[in-house]
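For reference, upload-v2.cif (mmCIF, C-alpha atoms and all ligand atoms):
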```cif
data_data
loop_
_atom_site.label_atom_id
_atom_site.label_comp_id
_atom_site.auth_asym_id
_atom_site.auth_seq_id
_atom_site.Cartn_x
_atom_site.Cartn_y
_atom_site.Cartn_z
CA MET D 1 17.60 17.60 -23.28
CA SER D 2 15.34 19.66 -25.52
CA VAL D 3 11.68 18.73 -25.15
CA PHE D 4 10.57 20.83 -28.10
CA PRO D 5 10.03 18.66 -31.21
CA PRO D 6 13.20 19.00 -33.31
CA GLY D 7 12.70 21.04 -36.47
CA LYS D 8 9.37 22.50 -35.30
CA LEU D 9 8.86 26.18 -36.12
CA ALA D 10 8.69 28.02 -32.80
CA LEU D 11 5.99 30.65 -32.24
CA PRO D 12 8.57 33.44 -31.58
CA GLU D 13 9.80 32.78 -35.12
CA LEU D 14 6.32 33.76 -36.40
CA TRP D 15 6.55 37.00 -34.41
CA ALA D 16 10.03 37.60 -35.86
CA MET D 17 8.63 37.06 -39.35
CA LYS D 18 6.10 39.81 -38.70
CA ARG D 19 8.86 42.16 -37.53
CA ARG D 20 10.96 41.34 -40.60
CA GLY D 21 7.96 41.85 -42.90
CA GLU D 22 8.16 38.21 -44.09
CA LYS D 23 4.77 36.79 -44.99
CA ILE D 24 3.51 33.80 -43.02
CA VAL D 25 1.93 31.01 -45.07
CA MET D 26 -0.89 29.05 -43.51
CA VAL D 27 -3.12 26.44 -45.12
CA THR D 28 -5.71 24.06 -43.78
CA ALA D 29 -5.19 20.30 -43.92
CA TYR D 30 -7.24 17.40 -42.63
CA ASP D 31 -5.13 14.30 -43.15
CA ALA D 32 -1.53 13.05 -43.28
CA PRO D 33 -1.00 13.37 -47.06
CA GLY D 34 -2.33 16.95 -46.99
CA ALA D 35 0.00 17.78 -44.10
CA ARG D 36 2.98 16.30 -45.98
CA PHE D 37 2.17 18.23 -49.16
CA ALA D 38 1.89 21.45 -47.14
CA GLU D 39 5.15 20.80 -45.33
CA ASP D 40 6.96 19.96 -48.58
CA ALA D 41 5.67 23.23 -50.05
CA GLY D 42 7.26 25.11 -47.14
CA VAL D 43 4.04 26.11 -45.38
CA ASP D 44 4.63 27.64 -41.91
CA VAL D 45 1.34 26.89 -40.19
CA ILE D 46 -1.25 24.16 -40.77
CA LEU D 47 -4.75 24.73 -39.45
CA VAL D 48 -6.93 21.68 -38.99
CA GLY D 49 -9.96 23.87 -39.57
CA ASP D 50 -13.52 23.16 -38.57
CA THR D 51 -14.19 23.76 -42.27
CA ALA D 52 -13.64 19.98 -42.17
CA ALA D 53 -17.39 19.89 -41.51
CA MET D 54 -17.98 21.07 -45.08
CA VAL D 55 -14.95 20.03 -47.12
CA VAL D 56 -14.36 16.60 -45.58
CA LEU D 57 -17.46 15.48 -43.69
CA GLY D 58 -20.09 16.55 -46.22
CA HIS D 59 -22.15 19.02 -44.15
CA GLU D 60 -23.56 21.71 -46.38
CA GLY D 61 -22.85 25.39 -45.72
CA THR D 62 -22.06 25.12 -42.01
CA THR D 63 -19.14 24.32 -39.73
CA VAL D 64 -21.38 23.86 -36.70
CA PRO D 65 -21.99 20.07 -36.73
CA VAL D 66 -18.35 18.88 -36.55
CA THR D 67 -17.67 17.32 -33.14
CA MET D 68 -14.67 17.33 -30.80
CA ASP D 69 -14.03 13.65 -31.51
CA GLU D 70 -14.04 14.26 -35.27
CA MET D 71 -11.70 17.26 -34.92
CA LEU D 72 -9.36 15.27 -32.66
CA PHE D 73 -9.23 12.42 -35.16
CA LEU D 74 -8.39 14.76 -38.05
CA THR D 75 -5.88 16.78 -36.02
CA ARG D 76 -4.09 13.60 -34.94
CA THR D 77 -3.58 12.55 -38.57
CA VAL D 78 -2.12 15.95 -39.45
CA ALA D 79 0.07 16.26 -36.34
CA ARG D 80 1.51 12.80 -37.01
CA ALA D 81 2.71 13.87 -40.46
CA ALA D 82 3.73 17.52 -39.99
CA ARG D 83 7.23 18.13 -38.65
CA ARG D 84 8.16 21.80 -39.15
CA PRO D 85 4.79 23.57 -39.50
CA VAL D 86 2.94 24.70 -36.40
CA VAL D 87 -0.23 22.55 -36.21
CA ILE D 88 -3.32 24.30 -34.92
CA GLY D 89 -6.47 22.45 -33.88
CA ASP D 90 -9.63 24.44 -34.52
CA MET D 91 -11.99 24.25 -31.56
CA PRO D 92 -15.41 23.24 -32.90
CA PHE D 93 -18.70 24.90 -32.01
CA GLY D 94 -19.80 23.82 -28.55
CA SER D 95 -16.31 22.98 -27.34
CA TYR D 96 -15.59 26.37 -25.73
CA GLN D 97 -18.83 28.36 -25.59
CA VAL D 98 -20.15 27.00 -22.28
CA SER D 99 -17.41 27.87 -19.79
CA ASP D 100 -13.69 28.55 -19.34
CA GLU D 101 -13.33 25.11 -17.71
CA ASP D 102 -14.94 23.38 -20.67
CA ALA D 103 -12.78 25.36 -23.11
CA LEU D 104 -9.61 24.48 -21.21
CA ARG D 105 -10.56 20.80 -20.95
CA ASN D 106 -11.12 20.62 -24.70
CA ALA D 107 -7.99 22.61 -25.56
CA ILE D 108 -5.99 20.16 -23.45
CA ARG D 109 -7.49 17.27 -25.46
CA PHE D 110 -6.25 18.89 -28.70
CA VAL D 111 -2.70 19.08 -27.34
CA LYS D 112 -2.58 15.87 -25.36
CA GLU D 113 -4.66 13.47 -27.45
CA ALA D 114 -4.21 14.92 -30.93
CA GLY D 115 -0.69 16.38 -30.79
CA ALA D 116 -1.70 19.93 -31.76
CA ASP D 117 0.81 22.71 -31.03
CA ALA D 118 -1.93 25.28 -30.47
CA VAL D 119 -5.68 25.82 -30.74
CA LYS D 120 -7.86 28.39 -32.49
CA LEU D 121 -11.21 29.71 -31.39
CA GLU D 122 -13.59 32.27 -32.81
CA GLY D 123 -14.75 35.68 -31.60
CA ALA D 124 -13.72 38.26 -29.03
CA GLY D 125 -16.15 39.29 -26.21
CA PRO D 126 -17.02 36.09 -24.31
CA SER D 127 -14.10 34.26 -25.96
CA LEU D 128 -11.58 36.53 -24.19
CA SER D 129 -11.83 34.77 -20.84
CA ARG D 130 -11.59 31.40 -22.67
CA VAL D 131 -8.35 32.59 -24.30
CA ARG D 132 -6.96 33.69 -20.92
CA ALA D 133 -7.85 30.37 -19.30
CA ILE D 134 -6.24 28.32 -22.08
CA VAL D 135 -3.11 30.48 -22.38
CA GLU D 136 -2.65 30.44 -18.59
CA ALA D 137 -2.52 26.64 -18.84
CA GLY D 138 0.35 26.97 -21.32
CA ILE D 139 -1.52 26.28 -24.55
CA PRO D 140 -1.03 28.84 -27.34
CA VAL D 141 -4.25 30.26 -28.81
CA MET D 142 -4.93 31.80 -32.21
CA GLY D 143 -7.89 34.21 -32.30
CA HIS D 144 -10.33 34.68 -35.16
CA VAL D 145 -12.43 37.79 -35.85
CA GLY D 146 -14.47 39.21 -38.72
CA LEU D 147 -16.58 36.55 -40.34
CA THR D 148 -16.73 33.84 -37.70
CA PRO D 149 -18.51 30.92 -39.41
CA GLN D 150 -19.65 29.27 -36.17
CA SER D 151 -21.89 32.29 -35.57
CA ALA D 152 -22.83 32.84 -39.23
CA THR D 153 -26.55 32.71 -38.41
CA MET D 154 -26.15 35.58 -35.92
CA LEU D 155 -24.08 37.49 -38.48
CA GLY D 156 -26.80 37.10 -41.13
CA GLY D 157 -24.91 34.51 -43.17
CA PHE D 158 -21.43 34.22 -44.64
CA LYS D 159 -21.06 37.99 -45.12
CA THR D 160 -18.21 40.47 -45.13
CA GLN D 161 -17.85 42.05 -41.66
CA GLY D 162 -16.62 45.45 -40.45
CA LYS D 163 -18.00 47.40 -43.40
CA THR D 164 -19.25 50.40 -41.44
CA ALA D 165 -16.95 52.68 -39.43
CA ASP D 166 -18.58 51.54 -36.17
CA ALA D 167 -18.35 47.86 -37.04
CA ALA D 168 -14.73 48.33 -38.16
CA GLN D 169 -13.85 50.04 -34.84
CA ALA D 170 -15.48 47.22 -32.87
CA LEU D 171 -13.52 44.70 -34.91
CA VAL D 172 -10.19 46.46 -34.26
CA ALA D 173 -11.03 46.62 -30.53
CA GLY D 174 -11.84 42.89 -30.53
CA ALA D 175 -8.54 41.97 -32.18
CA VAL D 176 -6.57 44.18 -29.77
CA ALA D 177 -8.39 42.57 -26.82
CA LEU D 178 -7.50 39.10 -28.16
CA GLU D 179 -3.82 40.03 -28.26
CA GLU D 180 -4.09 41.41 -24.72
CA ALA D 181 -5.78 38.18 -23.61
CA GLY D 182 -2.71 36.28 -24.84
CA CYS D 183 -3.38 35.17 -28.45
CA PHE D 184 -0.17 34.51 -30.36
CA SER D 185 -1.84 35.39 -33.66
CA VAL D 186 -5.26 36.42 -34.97
CA VAL D 187 -7.12 35.32 -38.11
CA LEU D 188 -8.99 38.09 -39.91
CA GLU D 189 -11.74 36.69 -42.12
CA ALA D 190 -13.78 38.53 -44.76
CA ILE D 191 -13.19 42.13 -43.75
CA PRO D 192 -12.30 45.19 -45.86
CA SER D 193 -8.58 45.54 -46.57
CA PRO D 194 -8.17 48.92 -44.80
CA VAL D 195 -9.63 47.46 -41.60
CA ALA D 196 -7.27 44.48 -41.79
CA ALA D 197 -4.35 46.86 -42.40
CA GLU D 198 -5.26 48.84 -39.28
CA VAL D 199 -5.56 45.70 -37.15
CA THR D 200 -2.21 44.48 -38.49
CA ASN D 201 -0.62 47.83 -37.54
CA ARG D 202 -2.12 47.81 -34.08
CA LEU D 203 -1.12 44.26 -33.13
CA SER D 204 2.37 43.12 -32.34
CA VAL D 205 1.36 39.48 -32.98
CA PRO D 206 0.82 38.40 -36.60
CA THR D 207 -2.51 38.68 -38.38
CA ILE D 208 -3.42 35.93 -40.82
CA GLY D 209 -5.90 37.03 -43.47
CA ILE D 210 -8.53 35.18 -45.44
CA GLY D 211 -10.50 37.65 -47.50
CA ALA D 212 -8.78 40.47 -45.60
CA GLY D 213 -6.55 41.95 -48.28
CA PRO D 214 -2.80 42.07 -48.83
CA ASP D 215 -1.65 43.89 -45.69
CA CYS D 216 -2.02 41.04 -43.21
CA ASP D 217 1.15 39.42 -41.88
CA GLY D 218 0.17 36.13 -43.47
CA GLN D 219 -2.54 34.43 -45.48
CA VAL D 220 -4.59 31.27 -45.11
CA LEU D 221 -6.70 29.38 -47.63
CA VAL D 222 -8.73 26.24 -47.26
CA TYR D 223 -6.88 23.28 -48.83
CA HIS D 224 -9.85 22.09 -50.90
CA ASP D 225 -10.57 25.61 -52.18
CA LEU D 226 -7.04 26.38 -53.33
CA LEU D 227 -6.64 22.99 -54.98
CA GLY D 228 -9.97 23.13 -56.80
CA LEU D 229 -11.50 20.27 -54.85
CA THR D 230 -14.46 22.35 -53.66
CA GLU D 231 -17.52 22.23 -55.90
CA GLY D 232 -20.12 24.97 -56.28
CA HIS D 233 -19.96 28.58 -55.15
CA LEU D 234 -16.66 29.88 -53.83
CA PRO D 235 -16.19 33.11 -51.88
CA ARG D 236 -14.59 36.01 -53.79
CA PHE D 237 -11.41 35.71 -51.71
CA VAL D 238 -10.57 32.20 -52.89
CA LYS D 239 -7.90 31.83 -55.55
CA ARG D 240 -7.72 28.40 -57.16
CA TYR D 241 -4.24 27.15 -57.90
CA ALA D 242 -5.32 23.84 -59.44
CA ASN D 243 -8.41 22.01 -60.66
CA LEU D 244 -7.93 18.71 -58.88
CA SER D 245 -11.60 17.71 -58.87
CA ARG D 246 -11.48 17.58 -62.68
CA GLU D 247 -8.22 15.60 -62.60
CA ILE D 248 -9.61 13.16 -60.02
CA ARG D 249 -12.83 12.59 -61.99
CA ASP D 250 -10.85 12.09 -65.23
CA ALA D 251 -8.54 9.62 -63.52
CA ILE D 252 -11.37 7.56 -61.98
CA GLU D 253 -13.25 7.56 -65.30
CA ALA D 254 -10.14 6.32 -67.12
CA TYR D 255 -9.68 3.58 -64.49
CA ALA D 256 -13.35 2.52 -64.77
CA ALA D 257 -13.06 2.35 -68.58
CA ASP D 258 -9.89 0.24 -68.33
CA VAL D 259 -11.57 -2.18 -65.89
CA ARG D 260 -14.64 -2.50 -68.11
CA THR D 261 -12.62 -3.13 -71.27
CA GLY D 262 -10.18 -5.47 -69.53
CA THR D 263 -7.26 -3.15 -70.31
CA PHE D 264 -6.44 -3.03 -66.60
CA PRO D 265 -4.73 -4.88 -65.04
CA ASP D 266 -2.20 -5.66 -67.79
CA GLU D 267 1.04 -7.64 -67.47
CA GLU D 268 2.89 -4.66 -66.05
CA HIS D 269 0.48 -4.48 -63.09
CA SER D 270 0.18 -8.23 -62.43
CA TYR D 271 2.41 -10.78 -60.68
CA ALA D 272 4.05 -13.49 -62.76
CA MET D 273 4.94 -16.99 -61.52
CA ASP D 274 8.06 -19.01 -62.02
CA GLU D 275 7.38 -21.29 -65.02
CA GLU D 276 8.36 -24.49 -63.20
CA GLU D 277 6.22 -23.65 -60.17
CA ARG D 278 3.35 -22.82 -62.44
CA GLU D 279 3.54 -26.19 -64.19
CA ARG D 280 3.67 -28.02 -60.85
CA PHE D 281 0.75 -25.97 -59.59
CA GLU D 282 -1.35 -26.65 -62.68
CA LEU D 283 -0.57 -30.33 -62.49
CA ALA D 284 -1.47 -30.49 -58.83
CA GLU D 285 -4.76 -28.74 -59.55
CA LYS D 286 -5.55 -31.30 -62.28
CA VAL D 287 -4.87 -34.28 -60.04
CA GLN D 288 -7.06 -33.62 -57.03
CA PRO D 289 -6.38 -36.25 -54.27
CA ASP D 290 -10.08 -37.09 -53.67
CA GLU D 291 -11.00 -37.50 -57.31
O1 LIG D 301 -11.93 26.40 -40.27
C1 LIG D 301 -11.18 26.99 -41.06
O2 LIG D 301 -10.73 26.44 -42.07
C2 LIG D 301 -10.85 28.38 -40.74
C3 LIG D 301 -10.08 29.15 -41.76
C4 LIG D 301 -10.95 29.51 -42.89
C5 LIG D 301 -9.42 30.32 -41.16
O3 LIG D 301 -11.19 28.84 -39.71
#
```
Reformat the file's structure so that it appears as structure tokens.
Ligand code: KIV
Amino acid sequence: MSVFPPGKLALPELWAMKRRGEKIVMVTAYDAPGARFAEDAGVDVILVGDTAAMVVLGHEGTTVPVTMDEMLFLTRTVARAARRPVVIGDMPFGSYQVSDEDALRNAIRFVKEAGADAVKLEGAGPSLSRVRAIVEAGIPVMGHVGLTPQSATMLGGFKTQGKTADAAQALVAGAVALEEAGCFSVVLEAIPSPVAAEVTNRLSVPTIGIGAGPDCDGQVLVYHDLLGLTEGHLPRFVKRYANLSREIRDAIEAYAADVRTGTFPDEEHSYAMDEEERERFELAEKVQPDE
């Protein structure tokens, strides 16, 4: 009996895609409809990102406040709906910084309680022993270097990383160390394209870029950004493929106007009643027993 969910994309297939030079498509999602849309579009990997803090939960300009319980809830909704794509739960700030034990306990919750296939955590350095602890327990880990939003304050804001030769070398070393620690893939966020190209060359596991140029093995965008659901400033690396916030506003405005003018609901959207039953009903209403 196979215990692997039928139809699920296996991680070695992602490695094979890198070897074949086939791009890996990753997108974030935070609920079941989003997961279904992504799956139907043929997406390979769905990240339930801690960007949920901003794009779903309404926190402004920071991913830090989202909690383990919130991430588990969102991940569960995605994992329930996604069949083929690999579902990755993003470990929120505070869920892995304290100790290897804490990191492992929380990674296990993602897999066991939320149905994630893997977890992602940010940074190299202190995160390396967390990666080792989680991978040793049999849970696949995706790394994340470059702009790591959970430490944006330390990095001086949401800024491009690895712009100097020294910083670029440190970044390459961090990514290599993450692969050595056991990561099955590494996200490269907001770094110059040549640095991402070098990391991609040096690693045998796939790199997934966001603001890291065209040479990564795959790309990821935040669902709300690519669909035009995010309002306000967008980073340079975001490409919008739709303007859904305009469509949603237009649709709700049209609905409100129809309600106010009595145009909705019309006959088409209402339930009729058998004529005979209606007459009996109206008669019964007229002749109230106690009257
Ligand atoms: O949380 C997230 O959505 C991410 C991606 C931007 C890679 O980490």
Chain D near ligand LIG 301 (chain D) within 6 Å: what's each residue's closest atom pair and its distance in Å to one decimal, counting only C-alpha atoms and all ligand atoms, ordered by chain then ascending residue number, as CSV?
```
residue,atom,partner,partner_atom,distance
D:Thr28,CA,D:LIG301,O2,5.8
D:Gly49,CA,D:LIG301,O1,3.3
D:Asp50,CA,D:LIG301,O1,4.0
D:Thr51,CA,D:LIG301,O1,4.0
D:Val222,CA,D:LIG301,O2,5.6
```
Emit the selected residues as a PDB file, in the coordinates of the input, including C-alpha atoms.
```pdb
ATOM      1  CA  THR D  28      -5.710  24.060 -43.780  1.00  0.00           C
ATOM      2  CA  GLY D  49      -9.960  23.870 -39.570  1.00  0.00           C
ATOM      3  CA  ASP D  50     -13.520  23.160 -38.570  1.00  0.00           C
ATOM      4  CA  THR D  51     -14.190  23.760 -42.270  1.00  0.00           C
ATOM      5  CA  VAL D 222      -8.730  26.240 -47.260  1.00  0.00           C
TER       6      VAL D 222
END
```
Show me, as JSON lines, the residues of stretch 111-220 of chain D having an atom within 9 Å of stretch 66-81 of chain D, each with the closest atom pair and its distance in Å, using all atoms listed in the file.
```
{"residue": "D:Glu113", "atom": "CA", "partner": "D:Leu72", "partner_atom": "CA", "distance": 7.2}
{"residue": "D:Ala114", "atom": "CA", "partner": "D:Arg76", "partner_atom": "CA", "distance": 4.2}
{"residue": "D:Gly115", "atom": "CA", "partner": "D:Ala79", "partner_atom": "CA", "distance": 5.6}
{"residue": "D:Ala116", "atom": "CA", "partner": "D:Ala79", "partner_atom": "CA", "distance": 6.1}
{"residue": "D:Asp117", "atom": "CA", "partner": "D:Ala79", "partner_atom": "CA", "distance": 8.4}
```
Expected residue set, 12 Å radius at (-23.7, 24.4, -43.2), only C-alpha atoms, as a count of residues only = 23
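Pairwise distance (atom CA of D:Cys183, atom CA of D:Asp44) equals 17.4 Å.
The list of residues within 9 Å of (-7.2, 19.8, -26.9), counted using all atoms listed in the file, is Met68, Leu72, Gly89, Met91, Ala103, Leu104, Arg105, Asn106, Ala107, Ile108, Arg109, Phe110, Val111, Lys112, Glu113, Ala114, Gly115, Ala116, Ala118, Val119 and Ile139 of chain D.
Residues in contact range of D:Ala29, defined as at most 7 Å between all atoms listed in the file, with sequence neighbours fewer than 2 positions away removed, read Val27, Asp31, Gly34, Ala35, Ile46, Leu47, Val48, Val78 and Tyr223 of chain D.
Of the residues listed (D:Ala190, D:Leu155, D:Val195, D:Ala16), D:Val195 shows the shortest atom-to-atom separation from D:Val172; distances use all atoms listed in the file.
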I'd like the neighbourhood of D:Arg83 as a PDB file with C-alpha atoms, in the frame of the given file, where a residue qualifies if any of its atoms comes within 10 Å (using only C-alpha atoms), though same-chain residues fewer than 5 positions away should be ignored.
```
ATOM      1  CA  PRO D   5      10.030  18.660 -31.210  1.00  0.00           C
ATOM      2  CA  PRO D   6      13.200  19.000 -33.310  1.00  0.00           C
ATOM      3  CA  GLY D   7      12.700  21.040 -36.470  1.00  0.00           C
ATOM      4  CA  LYS D   8       9.370  22.500 -35.300  1.00  0.00           C
ATOM      5  CA  LEU D   9       8.860  26.180 -36.120  1.00  0.00           C
ATOM      6  CA  ALA D  35       0.000  17.780 -44.100  1.00  0.00           C
ATOM      7  CA  ARG D  36       2.980  16.300 -45.980  1.00  0.00           C
ATOM      8  CA  GLU D  39       5.150  20.800 -45.330  1.00  0.00           C
ATOM      9  CA  VAL D  78      -2.120  15.950 -39.450  1.00  0.00           C
TER      10      VAL D  78
END
```
key: Shell around D:Ser99 at 10 Å using all atoms listed in the file, local window under 4 positions removed, as a ChimeraX atom specification   = /D:94-95,103-105,126-127,129-130,133
Take every atom of stretch 201-209 of chain D listed in the file, pad by 6 Å on each side, and give me the axis-aligned box centre and edge lengths in Å, one decimal, as AutoDock Vina command-line options.
```
--center_x -1.8 --center_y 41.9 --center_z -37.9 --size_x 20.3 --size_y 23.9 --size_z 23.1
```
How would stretch 141-166 of chain D look with N, CA and C atoms restored, written as a PDB file, keeping the file's coordinate frame?
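Below you can see result38.pdb, which holds the result:
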```
ATOM      1  N   VAL D 141      -2.936  30.085 -28.169  1.00  0.00           N
ATOM      2  CA  VAL D 141      -4.250  30.260 -28.810  1.00  0.00           C
ATOM      3  C   VAL D 141      -4.165  31.250 -29.950  1.00  0.00           C
ATOM      4  N   MET D 142      -4.766  30.878 -31.071  1.00  0.00           N
ATOM      5  CA  MET D 142      -4.930  31.800 -32.210  1.00  0.00           C
ATOM      6  C   MET D 142      -6.372  32.321 -32.148  1.00  0.00           C
ATOM      7  N   GLY D 143      -6.539  33.626 -32.281  1.00  0.00           N
ATOM      8  CA  GLY D 143      -7.890  34.210 -32.300  1.00  0.00           C
ATOM      9  C   GLY D 143      -8.433  34.249 -33.715  1.00  0.00           C
ATOM     10  N   HIS D 144      -9.687  34.652 -33.843  1.00  0.00           N
ATOM     11  CA  HIS D 144     -10.330  34.680 -35.160  1.00  0.00           C
ATOM     12  C   HIS D 144     -11.475  35.684 -35.089  1.00  0.00           C
ATOM     13  N   VAL D 145     -11.357  36.786 -35.833  1.00  0.00           N
ATOM     14  CA  VAL D 145     -12.430  37.790 -35.850  1.00  0.00           C
ATOM     15  C   VAL D 145     -12.824  38.114 -37.281  1.00  0.00           C
ATOM     16  N   GLY D 146     -13.900  38.911 -37.410  1.00  0.00           N
ATOM     17  CA  GLY D 146     -14.470  39.210 -38.720  1.00  0.00           C
ATOM     18  C   GLY D 146     -15.600  38.249 -38.959  1.00  0.00           C
ATOM     19  N   LEU D 147     -15.585  37.588 -40.102  1.00  0.00           N
ATOM     20  CA  LEU D 147     -16.580  36.550 -40.340  1.00  0.00           C
ATOM     21  C   LEU D 147     -16.188  35.313 -39.537  1.00  0.00           C
ATOM     22  N   THR D 148     -16.999  35.003 -38.547  1.00  0.00           N
ATOM     23  CA  THR D 148     -16.730  33.840 -37.700  1.00  0.00           C
ATOM     24  C   THR D 148     -17.815  32.807 -38.016  1.00  0.00           C
ATOM     25  N   PRO D 149     -17.478  31.801 -38.859  1.00  0.00           N
ATOM     26  CA  PRO D 149     -18.510  30.920 -39.410  1.00  0.00           C
ATOM     27  C   PRO D 149     -19.374  30.207 -38.368  1.00  0.00           C
ATOM     28  N   GLN D 150     -18.832  29.962 -37.163  1.00  0.00           N
ATOM     29  CA  GLN D 150     -19.650  29.270 -36.170  1.00  0.00           C
ATOM     30  C   GLN D 150     -20.853  30.117 -35.742  1.00  0.00           C
ATOM     31  N   SER D 151     -20.738  31.437 -35.913  1.00  0.00           N
ATOM     32  CA  SER D 151     -21.890  32.290 -35.570  1.00  0.00           C
ATOM     33  C   SER D 151     -22.469  32.947 -36.814  1.00  0.00           C
ATOM     34  N   ALA D 152     -22.360  32.272 -37.958  1.00  0.00           N
ATOM     35  CA  ALA D 152     -22.830  32.840 -39.230  1.00  0.00           C
ATOM     36  C   ALA D 152     -24.306  33.201 -39.178  1.00  0.00           C
ATOM     37  N   THR D 153     -25.109  32.415 -38.474  1.00  0.00           N
ATOM     38  CA  THR D 153     -26.550  32.710 -38.410  1.00  0.00           C
ATOM     39  C   THR D 153     -26.769  34.063 -37.729  1.00  0.00           C
ATOM     40  N   MET D 154     -26.032  34.296 -36.630  1.00  0.00           N
ATOM     41  CA  MET D 154     -26.150  35.580 -35.920  1.00  0.00           C
ATOM     42  C   MET D 154     -25.654  36.728 -36.788  1.00  0.00           C
ATOM     43  N   LEU D 155     -24.681  36.434 -37.648  1.00  0.00           N
ATOM     44  CA  LEU D 155     -24.080  37.490 -38.480  1.00  0.00           C
ATOM     45  C   LEU D 155     -24.887  37.710 -39.763  1.00  0.00           C
ATOM     46  N   GLY D 156     -25.963  36.942 -39.932  1.00  0.00           N
ATOM     47  CA  GLY D 156     -26.800  37.100 -41.130  1.00  0.00           C
ATOM     48  C   GLY D 156     -26.254  36.343 -42.330  1.00  0.00           C
ATOM     49  N   GLY D 157     -25.454  35.331 -42.081  1.00  0.00           N
ATOM     50  CA  GLY D 157     -24.910  34.510 -43.170  1.00  0.00           C
ATOM     51  C   GLY D 157     -23.421  34.713 -43.323  1.00  0.00           C
ATOM     52  N   PHE D 158     -22.875  34.109 -44.376  1.00  0.00           N
ATOM     53  CA  PHE D 158     -21.430  34.220 -44.640  1.00  0.00           C
ATOM     54  C   PHE D 158     -21.180  35.559 -45.335  1.00  0.00           C
ATOM     55  N   LYS D 159     -21.141  36.635 -44.554  1.00  0.00           N
ATOM     56  CA  LYS D 159     -21.060  37.990 -45.120  1.00  0.00           C
ATOM     57  C   LYS D 159     -19.810  38.709 -44.655  1.00  0.00           C
ATOM     58  N   THR D 160     -19.339  39.622 -45.501  1.00  0.00           N
ATOM     59  CA  THR D 160     -18.210  40.470 -45.130  1.00  0.00           C
ATOM     60  C   THR D 160     -18.562  41.254 -43.860  1.00  0.00           C
ATOM     61  N   GLN D 161     -17.623  41.339 -42.933  1.00  0.00           N
ATOM     62  CA  GLN D 161     -17.850  42.050 -41.660  1.00  0.00           C
ATOM     63  C   GLN D 161     -17.032  43.340 -41.627  1.00  0.00           C
ATOM     64  N   GLY D 162     -17.399  44.228 -40.682  1.00  0.00           N
ATOM     65  CA  GLY D 162     -16.620  45.450 -40.450  1.00  0.00           C
ATOM     66  C   GLY D 162     -16.712  46.444 -41.593  1.00  0.00           C
ATOM     67  N   LYS D 163     -17.892  46.515 -42.240  1.00  0.00           N
ATOM     68  CA  LYS D 163     -18.000  47.400 -43.400  1.00  0.00           C
ATOM     69  C   LYS D 163     -18.364  48.837 -43.031  1.00  0.00           C
ATOM     70  N   THR D 164     -18.966  49.029 -41.874  1.00  0.00           N
ATOM     71  CA  THR D 164     -19.250  50.400 -41.440  1.00  0.00           C
ATOM     72  C   THR D 164     -18.135  50.838 -40.490  1.00  0.00           C
ATOM     73  N   ALA D 165     -18.011  52.165 -40.311  1.00  0.00           N
ATOM     74  CA  ALA D 165     -16.950  52.680 -39.430  1.00  0.00           C
ATOM     75  C   ALA D 165     -17.103  52.118 -38.018  1.00  0.00           C
ATOM     76  N   ASP D 166     -18.362  52.043 -37.538  1.00  0.00           N
ATOM     77  CA  ASP D 166     -18.580  51.540 -36.170  1.00  0.00           C
ATOM     78  C   ASP D 166     -18.199  50.072 -36.057  1.00  0.00           C
TER      79      ASP D 166
END
```
